[in-house]
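**Student:** Before I ask anything, let me first share the structure, which is written out below as structure tokens.
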Amino acid sequence: MSGRPDSRRPVPGDRGPRINHQIRIRQVRVIDEEGKQLGVMETADALALALKKELDLVEIAPNQRPPVCRIMDFGKYKYEEKKKEQASRRKQHQVQVKELRVRPATGDHDLQVKMKQARQFLADGDKVLVCCLFRGRQMAHKEVGEQVVNEVVKLLADVAKVESGLRMEGRRMVLLLTKK
């Protein structure tokens with residue numbers, strides 16, 4: 001064997017493709033490292049050919065009859081797969097819940113500034129939690145806070161829809177908005 005005994009030994013619990021001596025079937029269809037078809041040959045012969053080139057015999061299509069194996073550097077293949085997975089994970093967007101805090105006494109201009117920010121959150125694909133905070137005697141007039149939250153919903157109606165309705169959580173009135 002070559003100087004890489006770790007790639008030749010089966011790994012317990014490994015769910016990846018079978019390589020080298022893990023391939024137990026008698027005959028396989030072989031593709032060389034350039035992608036040329038070498039045809040159907042005995043597994044031992046294919047393995048000897050791979051070892052001669054100091055590469056691995058990797059089973060890429062185990063459900064075919066005979067199974068298709070490729071001669072390649074398995075370590076390099078695993079490295080490239082890992083890099084592809086990391087790149088795809090980097091491109092994914094994690095949806096976050098952004099909080100928009102208003103008060104029963106929030107003015108019109110302040111509300112417009114907050115709407116601009118909420119539109120940006122929704123454009124980025126995030127959810128917006130509209131939260132109306134009450135203090136002291138404001139709890140006696142919840143309808144004023146409800147009017148402010150409904151005004152927010154009305155101003156964002158073109159870009160957002162209500163995911164969960166208006167509800168009270170202690171001294172907070174909350175409503176969740178998502179992108180249309």
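Chain identifiers are assigned as A, B, and so on, following the order in which chains appear in the structure tokens; residues are numbered from 1 within each chain, and ligands are numbered from 1 in order of appearance.
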Taking the DSSP secondary structure from the backbone, can you list the residues of segment 26-150 of chain A that are alpha helix (DSSP H), as a PyMOL selection string?

**Tutor:** chain A and resi 43-52+74-91+108-123+142-150

**Student:** Neighbouring residues of segment 142-154 of chain A were defined as those with any atom within 10 Å, considering only C-alpha atoms; residues of the same chain fewer than 3 positions away were excluded. Please report them as a PyMOL selection string.

**Tutor:** chain A and resi 100-108+111-112+114-115+118+130-134+137-139+157-162+166-168+171-177

**Student:** Please provide the set of residues having any atom within 12 Å of Gln37 of chain A, restricted to only C-alpha atoms, with same-chain residues fewer than 2 positions apart removed, written as a list in words.

**Tutor:**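 In the requested format, the answer is Val28, Arg29, Val30, Ile31, Asp32, Glu33, Glu34, Gly35, Gly39, Val40, Met41, Val68, Cys69, Arg70 and Ile71 of chain A.
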
**Student:** Go ahead and save the residues from that selection, with N, CA and C atoms, as a CSV table (one decimal), in the first residue's frame.

**Tutor:**
```csv
chain,number,residue,atom,x,y,z
A,28,VAL,N,-16.7,-4.4,-10.9
A,28,VAL,CA,-17.2,-3.0,-10.9
A,28,VAL,C,-16.9,-2.4,-12.3
A,29,ARG,N,-17.7,-1.3,-12.6
A,29,ARG,CA,-17.4,-0.5,-13.8
A,29,ARG,C,-16.5,0.6,-13.3
A,30,VAL,N,-15.4,0.8,-14.0
A,30,VAL,CA,-14.3,1.7,-13.5
A,30,VAL,C,-14.2,2.9,-14.4
A,31,ILE,N,-14.0,4.1,-13.8
A,31,ILE,CA,-13.8,5.4,-14.5
A,31,ILE,C,-12.4,5.9,-13.9
A,32,ASP,N,-11.5,6.2,-14.8
A,32,ASP,CA,-10.2,6.7,-14.3
A,32,ASP,C,-10.2,8.1,-13.8
A,33,GLU,N,-9.1,8.6,-13.4
A,33,GLU,CA,-9.0,10.0,-12.8
A,33,GLU,C,-9.3,11.1,-13.8
A,34,GLU,N,-9.2,10.8,-15.1
A,34,GLU,CA,-9.5,11.8,-16.2
A,34,GLU,C,-10.9,11.8,-16.6
A,35,GLY,N,-11.7,10.8,-16.1
A,35,GLY,CA,-13.1,10.6,-16.4
A,35,GLY,C,-13.3,9.7,-17.6
A,39,GLY,N,-14.3,0.5,-18.4
A,39,GLY,CA,-15.1,-0.7,-18.6
A,39,GLY,C,-15.3,-1.5,-17.3
A,40,VAL,N,-15.9,-2.7,-17.4
A,40,VAL,CA,-16.2,-3.6,-16.3
A,40,VAL,C,-14.9,-4.4,-16.0
A,41,MET,N,-14.4,-4.5,-14.8
A,41,MET,CA,-13.3,-5.3,-14.5
A,41,MET,C,-13.4,-5.8,-13.0
A,68,VAL,N,-20.6,1.5,-10.1
A,68,VAL,CA,-19.6,2.4,-10.7
A,68,VAL,C,-18.6,2.9,-9.7
A,69,CYS,N,-17.3,2.7,-10.0
A,69,CYS,CA,-16.3,3.1,-9.1
A,69,CYS,C,-15.4,4.1,-9.9
A,70,ARG,N,-14.8,5.0,-9.2
A,70,ARG,CA,-13.9,6.0,-9.8
A,70,ARG,C,-12.6,6.0,-9.1
A,71,ILE,N,-11.5,6.2,-9.9
A,71,ILE,CA,-10.2,6.3,-9.3
A,71,ILE,C,-9.9,7.8,-9.1
```

**Student:** At what distance in Å, to one decimal, does atom CA of Ala87 of chain A lie from atom CA of Ala61 of chain A?

**Tutor:**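 Atom CA of Ala61 of chain A sits 24.9 Å away from atom CA of Ala87 of chain A.
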
**Student:** Residues near segment 42-51 of chain A, anyone? I mean within 12 Å using only C-alpha atoms, not counting same-chain ones fewer than 5 positions away, as a compact mmCIF listing (two decimals) with N, CA and C atoms, in the first residue's frame.

**Tutor:**
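Once everything was written out, this is result.txt:
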```
# COMPACT_ATOMS: atom_id res chain seq x y z
N MET A 1 0.83 -1.19 0.00
CA MET A 1 0.00 0.00 0.00
C MET A 1 0.87 1.24 0.00
N SER A 2 0.22 2.36 -0.34
CA SER A 2 0.96 3.63 -0.38
C SER A 2 1.12 4.18 1.03
N GLY A 3 1.62 5.40 1.15
CA GLY A 3 1.92 5.99 2.43
C GLY A 3 0.72 6.62 3.13
N ARG A 4 -0.52 6.24 2.73
CA ARG A 4 -1.70 6.81 3.36
C ARG A 4 -2.60 5.70 3.90
N PRO A 5 -2.20 5.05 4.98
CA PRO A 5 -2.99 3.93 5.47
C PRO A 5 -4.34 4.35 6.04
N SER A 7 -6.62 6.32 4.76
CA SER A 7 -7.69 6.35 3.78
C SER A 7 -8.07 4.95 3.30
N ARG A 8 -7.29 3.95 3.63
CA ARG A 8 -7.55 2.58 3.18
C ARG A 8 -8.37 1.79 4.21
N ILE A 19 -14.81 2.90 -0.06
CA ILE A 19 -13.55 3.09 -0.77
C ILE A 19 -12.67 1.85 -0.61
N ASN A 20 -11.83 1.63 -1.59
CA ASN A 20 -10.81 0.58 -1.60
C ASN A 20 -11.32 -0.77 -1.11
N HIS A 21 -10.83 -1.26 0.03
CA HIS A 21 -11.15 -2.62 0.49
C HIS A 21 -12.56 -2.73 1.07
N GLN A 22 -13.26 -1.62 1.21
CA GLN A 22 -14.65 -1.67 1.67
C GLN A 22 -15.55 -2.17 0.56
N ILE A 23 -15.11 -2.06 -0.70
CA ILE A 23 -15.90 -2.52 -1.85
C ILE A 23 -15.78 -4.04 -1.92
N ARG A 24 -16.87 -4.74 -1.64
CA ARG A 24 -16.83 -6.19 -1.51
C ARG A 24 -17.38 -6.94 -2.73
N ILE A 25 -17.92 -6.24 -3.70
CA ILE A 25 -18.52 -6.90 -4.86
C ILE A 25 -17.42 -7.36 -5.82
N ARG A 26 -17.70 -8.40 -6.62
CA ARG A 26 -16.68 -9.03 -7.45
C ARG A 26 -16.26 -8.17 -8.63
N GLN A 27 -17.24 -7.58 -9.36
CA GLN A 27 -16.91 -6.79 -10.54
C GLN A 27 -17.47 -5.37 -10.41
N VAL A 28 -16.74 -4.41 -10.95
CA VAL A 28 -17.17 -3.01 -10.92
C VAL A 28 -16.89 -2.36 -12.27
N ARG A 29 -17.66 -1.30 -12.58
CA ARG A 29 -17.40 -0.50 -13.77
C ARG A 29 -16.46 0.61 -13.31
N VAL A 30 -15.35 0.81 -14.00
CA VAL A 30 -14.31 1.72 -13.53
C VAL A 30 -14.18 2.95 -14.43
N ILE A 31 -14.05 4.10 -13.78
CA ILE A 31 -13.77 5.36 -14.47
C ILE A 31 -12.45 5.85 -13.90
N ASP A 32 -11.50 6.24 -14.79
CA ASP A 32 -10.19 6.67 -14.28
C ASP A 32 -10.22 8.13 -13.84
N GLU A 33 -9.07 8.64 -13.40
CA GLU A 33 -9.02 9.99 -12.81
C GLU A 33 -9.32 11.10 -13.82
N ASP A 56 -7.25 6.35 -4.77
CA ASP A 56 -8.23 5.48 -4.14
C ASP A 56 -9.28 5.05 -5.15
N LEU A 57 -9.88 3.88 -4.90
CA LEU A 57 -11.00 3.39 -5.69
C LEU A 57 -12.25 3.72 -4.88
N VAL A 58 -13.09 4.62 -5.42
CA VAL A 58 -14.26 5.10 -4.69
C VAL A 58 -15.53 4.69 -5.42
N GLU A 59 -16.46 4.09 -4.68
CA GLU A 59 -17.74 3.65 -5.24
C GLU A 59 -18.66 4.87 -5.31
N PRO A 66 -23.11 -3.44 -12.94
CA PRO A 66 -22.27 -3.48 -11.74
C PRO A 66 -22.08 -2.06 -11.17
N PRO A 67 -21.71 -1.93 -9.90
CA PRO A 67 -21.51 -0.61 -9.30
C PRO A 67 -20.42 0.17 -10.02
N VAL A 68 -20.59 1.49 -10.06
CA VAL A 68 -19.62 2.35 -10.74
C VAL A 68 -18.63 2.87 -9.71
N CYS A 69 -17.33 2.68 -10.01
CA CYS A 69 -16.26 3.14 -9.12
C CYS A 69 -15.36 4.10 -9.89
N ARG A 70 -14.81 5.05 -9.18
CA ARG A 70 -13.93 6.02 -9.81
C ARG A 70 -12.59 6.01 -9.10
N ILE A 71 -11.54 6.16 -9.89
CA ILE A 71 -10.19 6.26 -9.32
C ILE A 71 -9.94 7.75 -9.07
N MET A 72 -9.75 8.12 -7.79
CA MET A 72 -9.55 9.52 -7.43
C MET A 72 -8.83 9.63 -6.10
N ASP A 73 -8.41 10.83 -5.77
CA ASP A 73 -7.82 11.11 -4.46
C ASP A 73 -8.99 11.40 -3.52
N PHE A 74 -9.32 10.44 -2.66
CA PHE A 74 -10.50 10.56 -1.81
C PHE A 74 -10.39 11.69 -0.80
```

**Student:** Can you list, as a ChimeraX atom specification, all residues belonging to segment 64-180 of chain A that DSSP tags as strand (DSSP E)?

**Tutor:** /A:68-72,97-102,127-133,160-169,172-179

**Student:** Measure the distance from atom CA of Leu38 of chain A to atom CA of Glu80 of chain A in Å and round it to one decimal.

**Tutor:** 24.6 Å

**Student:** What is the atom CA of Leu129 of chain A to atom CA of Glu99 of chain A distance in Å?

**Tutor:** 4.7 Å
